[in-house]
$ cat target06.cif   # mmCIF, C-alpha atoms
data_upload
loop_
_atom_site.group_PDB
_atom_site.id
_atom_site.type_symbol
_atom_site.label_atom_id
_atom_site.label_comp_id
_atom_site.auth_asym_id
_atom_site.auth_seq_id
_atom_site.Cartn_x
_atom_site.Cartn_y
_atom_site.Cartn_z
ATOM 1 C CA MET A 561 -130.344 -87.081 24.821
ATOM 2 C CA PHE A 562 -132.750 -88.697 27.284
ATOM 3 C CA PHE A 563 -133.221 -85.402 29.133
ATOM 4 C CA LYS A 564 -133.775 -83.542 25.861
ATOM 5 C CA LYS A 565 -136.628 -85.910 25.002
ATOM 6 C CA ILE A 566 -138.208 -85.453 28.429
ATOM 7 C CA ILE A 567 -137.879 -81.672 28.312
ATOM 8 C CA THR A 568 -139.194 -81.522 24.754
ATOM 9 C CA SER A 569 -142.138 -83.728 25.685
ATOM 10 C CA VAL A 570 -143.044 -81.612 28.723
ATOM 11 C CA PHE A 571 -142.751 -78.305 26.837
ATOM 12 C CA VAL A 572 -144.679 -79.545 23.812
ATOM 13 C CA SER A 573 -147.426 -81.066 25.966
ATOM 14 C CA THR A 574 -147.756 -77.914 28.032
ATOM 15 C CA PHE A 575 -147.780 -75.456 25.154
ATOM 16 C CA MET A 576 -150.028 -77.598 22.966
ATOM 17 C CA PHE A 577 -152.507 -78.345 25.749
ATOM 18 C CA LEU A 578 -152.959 -74.855 27.241
ATOM 19 C CA PRO A 579 -154.214 -73.015 24.124
ATOM 20 C CA ALA A 580 -156.591 -75.874 23.281
ATOM 21 C CA THR A 581 -157.926 -75.851 26.841
ATOM 22 C CA MET A 582 -158.395 -72.087 26.768
ATOM 23 C CA MET A 583 -160.318 -72.322 23.491
ATOM 24 C CA ALA A 584 -162.577 -75.016 24.883
ATOM 25 C CA GLU A 585 -163.258 -72.943 27.999
ATOM 26 C CA ASN A 586 -164.239 -69.995 25.810
ATOM 27 C CA ASN A 587 -166.425 -72.203 23.569
ATOM 28 C CA GLN A 588 -164.349 -71.302 20.558
ATOM 29 C CA GLU A 589 -163.280 -73.416 17.652
ATOM 30 C CA ALA A 590 -159.596 -73.957 16.979
ATOM 31 C CA SER A 591 -159.695 -71.722 13.900
ATOM 32 C CA GLU A 592 -160.967 -68.707 15.853
ATOM 33 C CA PRO A 593 -158.437 -66.512 17.678
ATOM 34 C CA ILE A 594 -158.776 -66.517 21.446
ATOM 35 C CA GLN A 595 -160.116 -63.192 22.675
ATOM 36 C CA GLU A 596 -159.984 -61.347 25.960
ATOM 37 C CA GLU A 597 -163.237 -60.253 27.604
ATOM 38 C CA SER A 598 -162.798 -56.889 25.864
ATOM 39 C CA GLY A 599 -163.091 -58.650 22.503
ATOM 40 C CA GLU A 600 -159.434 -58.002 21.602
ATOM 41 C CA PRO A 601 -157.353 -60.963 20.408
ATOM 42 C CA MET A 602 -155.067 -62.303 23.154
ATOM 43 C CA ASP A 603 -151.338 -62.009 22.594
ATOM 44 C CA PHE A 604 -149.517 -65.331 22.994
ATOM 45 C CA TYR A 605 -146.370 -63.949 21.380
ATOM 46 C CA ASP A 606 -144.215 -63.944 24.505
ATOM 47 C CA GLU A 607 -144.876 -67.503 25.615
ATOM 48 C CA SER A 608 -144.834 -69.100 22.194
ATOM 49 C CA SER A 609 -141.857 -67.136 20.938
ATOM 50 C CA GLU A 610 -139.889 -67.961 24.091
ATOM 51 C CA PHE A 611 -140.849 -71.603 23.649
ATOM 52 C CA GLU A 612 -139.644 -71.464 20.043
ATOM 53 C CA ALA A 613 -136.438 -69.743 21.113
ATOM 54 C CA LEU A 614 -135.598 -72.498 23.600
ATOM 55 C CA PHE A 615 -135.498 -74.944 20.692
ATOM 56 C CA ASN A 616 -134.240 -72.721 17.874
ATOM 57 C CA VAL A 617 -131.655 -70.452 19.458
ATOM 58 C CA THR A 618 -128.158 -71.922 19.422
ATOM 59 C CA GLY A 619 -125.172 -71.377 21.654
ATOM 60 C CA GLU A 620 -123.617 -69.541 18.712
ATOM 61 C CA ASP A 621 -126.580 -67.125 18.661
ATOM 62 C CA ILE A 622 -126.130 -66.454 22.381
ATOM 63 C CA LEU A 623 -122.395 -65.842 21.939
ATOM 64 C CA LYS A 624 -122.845 -63.483 18.975
ATOM 65 C CA THR A 625 -125.072 -61.371 21.192
ATOM 66 C CA ALA A 626 -122.654 -61.576 24.144
ATOM 67 C CA GLU A 627 -119.691 -60.533 21.982
ATOM 68 C CA ARG A 628 -121.384 -57.226 21.131
ATOM 69 C CA TYR A 629 -120.944 -56.146 24.745
ATOM 70 C CA MET A 630 -117.259 -57.051 25.224
ATOM 71 C CA GLY A 631 -115.569 -54.390 27.313
ATOM 72 C CA THR A 632 -118.831 -52.989 28.703
ATOM 73 C CA PRO A 633 -118.092 -51.782 32.250
ATOM 74 C CA TYR A 634 -119.233 -53.630 35.377
ATOM 75 C CA ARG A 635 -121.634 -52.032 37.815
ATOM 76 C CA MET A 636 -123.350 -53.871 40.670
ATOM 77 C CA GLY A 637 -127.088 -54.123 40.040
ATOM 78 C CA ALA A 638 -126.822 -53.001 36.401
ATOM 79 C CA THR A 639 -128.812 -54.814 33.740
ATOM 80 C CA GLY A 640 -127.374 -53.175 30.612
ATOM 81 C CA PRO A 641 -126.764 -52.321 27.973
ATOM 82 C CA THR A 642 -124.193 -49.681 29.009
ATOM 83 C CA ARG A 643 -123.209 -51.389 32.302
ATOM 84 C CA PHE A 644 -123.763 -54.893 33.684
ATOM 85 C CA ASP A 645 -123.352 -57.010 36.745
ATOM 86 C CA CYS A 646 -122.832 -60.724 36.094
ATOM 87 C CA SER A 647 -126.455 -61.874 36.182
ATOM 88 C CA GLY A 648 -127.625 -58.659 34.544
ATOM 89 C CA PHE A 649 -125.339 -59.550 31.650
ATOM 90 C CA THR A 650 -126.498 -63.160 31.276
ATOM 91 C CA SER A 651 -130.181 -62.244 31.565
ATOM 92 C CA TYR A 652 -129.764 -59.391 29.059
ATOM 93 C CA VAL A 653 -127.990 -61.608 26.505
ATOM 94 C CA TYR A 654 -130.605 -64.355 26.758
ATOM 95 C CA LYS A 655 -133.452 -61.814 26.683
ATOM 96 C CA LYS A 656 -132.086 -60.477 23.373
ATOM 97 C CA GLN A 657 -132.754 -64.005 22.062
ATOM 98 C CA ASN A 658 -136.256 -63.907 23.615
ATOM 99 C CA ILE A 659 -135.429 -66.195 26.554
ATOM 100 C CA GLN A 660 -136.190 -65.024 30.082
ATOM 101 C CA LEU A 661 -133.698 -65.709 32.861
ATOM 102 C CA ASN A 662 -134.209 -64.884 36.497
ATOM 103 C CA ARG A 663 -132.464 -61.750 37.715
ATOM 104 C CA THR A 664 -129.847 -63.059 40.164
ATOM 105 C CA SER A 665 -127.115 -65.671 39.715
ATOM 106 C CA ARG A 666 -128.607 -67.705 42.596
ATOM 107 C CA ASP A 667 -132.014 -67.718 40.903
ATOM 108 C CA GLN A 668 -130.529 -68.479 37.474
ATOM 109 C CA TYR A 669 -128.865 -71.498 39.099
ATOM 110 C CA THR A 670 -132.365 -72.985 39.509
ATOM 111 C CA GLN A 671 -133.262 -72.663 35.809
ATOM 112 C CA GLY A 672 -132.756 -75.113 32.982
ATOM 113 C CA VAL A 673 -131.166 -78.509 33.484
ATOM 114 C CA SER A 674 -128.150 -79.201 35.681
ATOM 115 C CA ILE A 675 -125.231 -80.605 33.690
ATOM 116 C CA ASN A 676 -121.807 -81.935 34.612
ATOM 117 C CA LYS A 677 -118.741 -79.804 34.041
ATOM 118 C CA ASP A 678 -117.548 -82.171 31.301
ATOM 119 C CA GLU A 679 -120.863 -81.742 29.429
ATOM 120 C CA VAL A 680 -120.794 -77.954 28.988
ATOM 121 C CA ARG A 681 -121.305 -76.461 25.543
ATOM 122 C CA PRO A 682 -121.131 -72.908 24.247
ATOM 123 C CA GLY A 683 -124.179 -71.008 25.498
ATOM 124 C CA ASP A 684 -124.549 -72.967 28.765
ATOM 125 C CA LEU A 685 -124.488 -71.041 32.038
ATOM 126 C CA VAL A 686 -121.641 -71.679 34.487
ATOM 127 C CA PHE A 687 -121.758 -70.678 38.139
ATOM 128 C CA PHE A 688 -119.138 -69.759 40.682
ATOM 129 C CA GLY A 689 -118.939 -68.763 44.296
ATOM 130 C CA SER A 690 -117.737 -65.331 45.259
ATOM 131 C CA ARG A 691 -115.993 -63.851 48.250
ATOM 132 C CA ARG A 692 -119.377 -62.826 49.650
ATOM 133 C CA SER A 693 -121.392 -65.942 48.739
ATOM 134 C CA GLY A 694 -119.335 -68.451 50.729
ATOM 135 C CA LYS A 695 -120.115 -71.925 49.401
ATOM 136 C CA GLY A 696 -123.189 -70.676 47.536
ATOM 137 C CA VAL A 697 -123.540 -69.211 44.056
ATOM 138 C CA GLY A 698 -122.409 -65.624 43.613
ATOM 139 C CA HIS A 699 -121.307 -65.318 39.987
ATOM 140 C CA VAL A 700 -122.486 -66.512 36.563
ATOM 141 C CA GLY A 701 -121.073 -66.577 33.050
ATOM 142 C CA ILE A 702 -121.823 -68.095 29.643
ATOM 143 C CA VAL A 703 -119.639 -70.871 28.225
ATOM 144 C CA TYR A 704 -117.755 -69.408 25.275
ATOM 145 C CA SER A 705 -115.741 -72.396 24.077
ATOM 146 C CA VAL A 706 -114.727 -75.848 25.258
ATOM 147 C CA GLU A 707 -111.131 -77.038 24.999
ATOM 148 C CA ASP A 708 -110.000 -80.566 24.098
ATOM 149 C CA ASP A 709 -108.973 -81.191 27.718
ATOM 150 C CA GLY A 710 -112.522 -80.398 28.944
ATOM 151 C CA SER A 711 -111.705 -76.969 30.322
ATOM 152 C CA PHE A 712 -113.662 -74.038 28.970
ATOM 153 C CA LYS A 713 -113.628 -70.312 28.403
ATOM 154 C CA PHE A 714 -116.595 -68.251 29.506
ATOM 155 C CA VAL A 715 -117.822 -64.726 28.885
ATOM 156 C CA HIS A 716 -119.017 -62.800 31.919
ATOM 157 C CA ALA A 717 -119.250 -59.379 33.543
ATOM 158 C CA SER A 718 -116.162 -59.198 35.740
ATOM 159 C CA CYS A 719 -115.858 -56.632 38.535
ATOM 160 C CA LYS A 720 -112.361 -55.661 37.372
ATOM 161 C CA HIS A 721 -112.557 -55.972 33.590
ATOM 162 C CA GLY A 722 -116.225 -55.540 32.685
ATOM 163 C CA VAL A 723 -117.517 -57.974 30.078
ATOM 164 C CA THR A 724 -114.584 -60.236 29.310
ATOM 165 C CA ILE A 725 -113.600 -63.829 28.605
ATOM 166 C CA SER A 726 -111.943 -65.916 31.326
ATOM 167 C CA ARG A 727 -110.718 -69.510 31.587
ATOM 168 C CA SER A 728 -112.149 -72.167 33.876
ATOM 169 C CA THR A 729 -108.552 -73.194 34.623
ATOM 170 C CA ASP A 730 -107.712 -69.863 36.277
ATOM 171 C CA GLU A 731 -107.004 -70.705 39.924
ATOM 172 C CA TYR A 732 -109.827 -68.518 41.269
ATOM 173 C CA TYR A 733 -112.488 -69.986 38.972
ATOM 174 C CA THR A 734 -111.280 -73.553 39.494
ATOM 175 C CA ARG A 735 -111.635 -73.101 43.255
ATOM 176 C CA MET A 736 -114.978 -71.260 43.073
ATOM 177 C CA TYR A 737 -116.759 -73.407 40.455
ATOM 178 C CA ARG A 738 -120.270 -74.413 41.635
ATOM 179 C CA GLY A 739 -122.007 -75.945 38.616
ATOM 180 C CA ALA A 740 -123.496 -75.543 35.147
ATOM 181 C CA ARG A 741 -127.018 -75.296 33.760
ATOM 182 C CA ARG A 742 -128.286 -75.809 30.224
ATOM 183 C CA ILE A 743 -131.053 -73.427 29.215
ATOM 184 C CA LEU A 744 -131.241 -74.205 25.501
ATOM 185 C CA ALA A 745 -132.720 -77.486 24.254
ATOM 186 C CA TYR A 746 -129.788 -78.279 21.922
#

$ encode --input "target06.cif" --output "structure tokens"
Amino acid sequence: MFFKKIITSVFVSTFMFLPATMMAENNQEASEPIQEESGEPMDFYDESSEFEALFNVTGEDILKTAERYMGTPYRMGATGPTRFDCSGFTSYVYKKQNIQLNRTSRDQYTQGVSINKDEVRPGDLVFFGSRRSGKGVGHVGIVYSVEDDGSFKFVHASCKHGVTISRSTDEYYTRMYRGARRILAY
């Protein structure tokens, strides 16, 4: 809860301050739309709608989108919608909810807020090593459900099965687990 307040405060301050500053720099009143040098109104849709999405999109929304792609084949470097690699899948699903994720699992591991394994919720990102990544991050999935014992299921683009649901208790994923990140501001 403490982190949510900090994150909310930073996002609200940033997104409330920037447009006001831009208007002041352009000598415009708050009621006038900000315009580019060409005279066309500036489009703030992407930033403001992504900001809104961070606070309004739920884990359930993310999972409904992810479920549409169950069984989609895996292909290294693919970003969908007919084929995915793991980070291509997670970034595609979040993008459908108007939230940008970095392209690779290693870069996605730097986004959002780090959370403990026992704090994961549906919609959070979970990260694993891979045979090629050594002790680093090489795979990413989206928490699908959390069990009473604290273990979880996650949806991901698997090399063997395409988009599928796996369990955190599977020996491979238990051994390769690297961490979790929360993107949404629950």

$ atom_distance --input "target06.cif" --atom1 "atom CA of Phe644 of chain A" --atom2 "atom CA of Ala717 of chain A"
6.4 Å

$ atom_distance --input "target06.cif" --atom1 "atom CA of Thr724 of chain A" --atom2 "atom CA of Val703 of chain A"
11.8 Å

$ resolve_selection --input "target06.cif" --expression "the PyMOL selection byres ((chain A and resi 684) around 7)" --output "MDAnalysis selection string"
chainID A and resid 680:683 685:686 702:703 740:743

$ atom_distance --input "target06.cif" --atom1 "atom CA of Asp708 of chain A" --atom2 "atom CA of Tyr737 of chain A"
19.1 Å

$ closest_residue --input "target06.cif" --among "A:Val617, A:Cys646, A:Ala638, A:Leu623" --to "Val723 of chain A" --atoms "only C-alpha atoms"
A:Cys646

$ residues_around --input "target06.cif" --residues "Arg738 of chain A" --least-positions-apart "4" --cutoff "10 Å" --atoms "all atoms listed in the file" --output "list in words"
Tyr669, Lys677, Val686, Phe687, Phe688, Gly689, Lys695, Gly696, Val697, Gly698, His699, Val700, Tyr733 and Thr734 of chain A

$ closest_residue --input "target06.cif" --among "A:Thr639, A:Ser705, A:Thr632, A:Ser665" --to "Glu620 of chain A" --atoms "only C-alpha atoms"
A:Ser705

$ closest_residue --input "target06.cif" --among "A:Val715, A:Leu744, A:Ile675, A:Leu614" --to "Ser647 of chain A" --atoms "all atoms listed in the file"
A:Val715

$ closest_residue --input "target06.cif" --among "A:Gln660, A:Lys624, A:Phe611, A:Asp678" --to "Asp709 of chain A" --atoms "only C-alpha atoms"
A:Asp678

$ closest_residue --input "target06.cif" --among "A:Thr618, A:Gly631, A:His716, A:Arg727" --to "Tyr652 of chain A" --atoms "all atoms listed in the file"
A:His716

$ axis_aligned_box --input "target06.cif" --around "segment 649-659 of chain A" --padding-each-side "6 Å" --output "AutoDock Vina command-line options"
--center_x -130.8 --center_y -62.8 --center_z 26.9 --size_x 22.9 --size_y 18.8 --size_z 21.6

$ closest_residue --input "target06.cif" --among "A:Asp645, A:Glu610, A:Glu627, A:Asp667" --to "Lys720 of chain A" --atoms "all atoms listed in the file"
A:Asp645
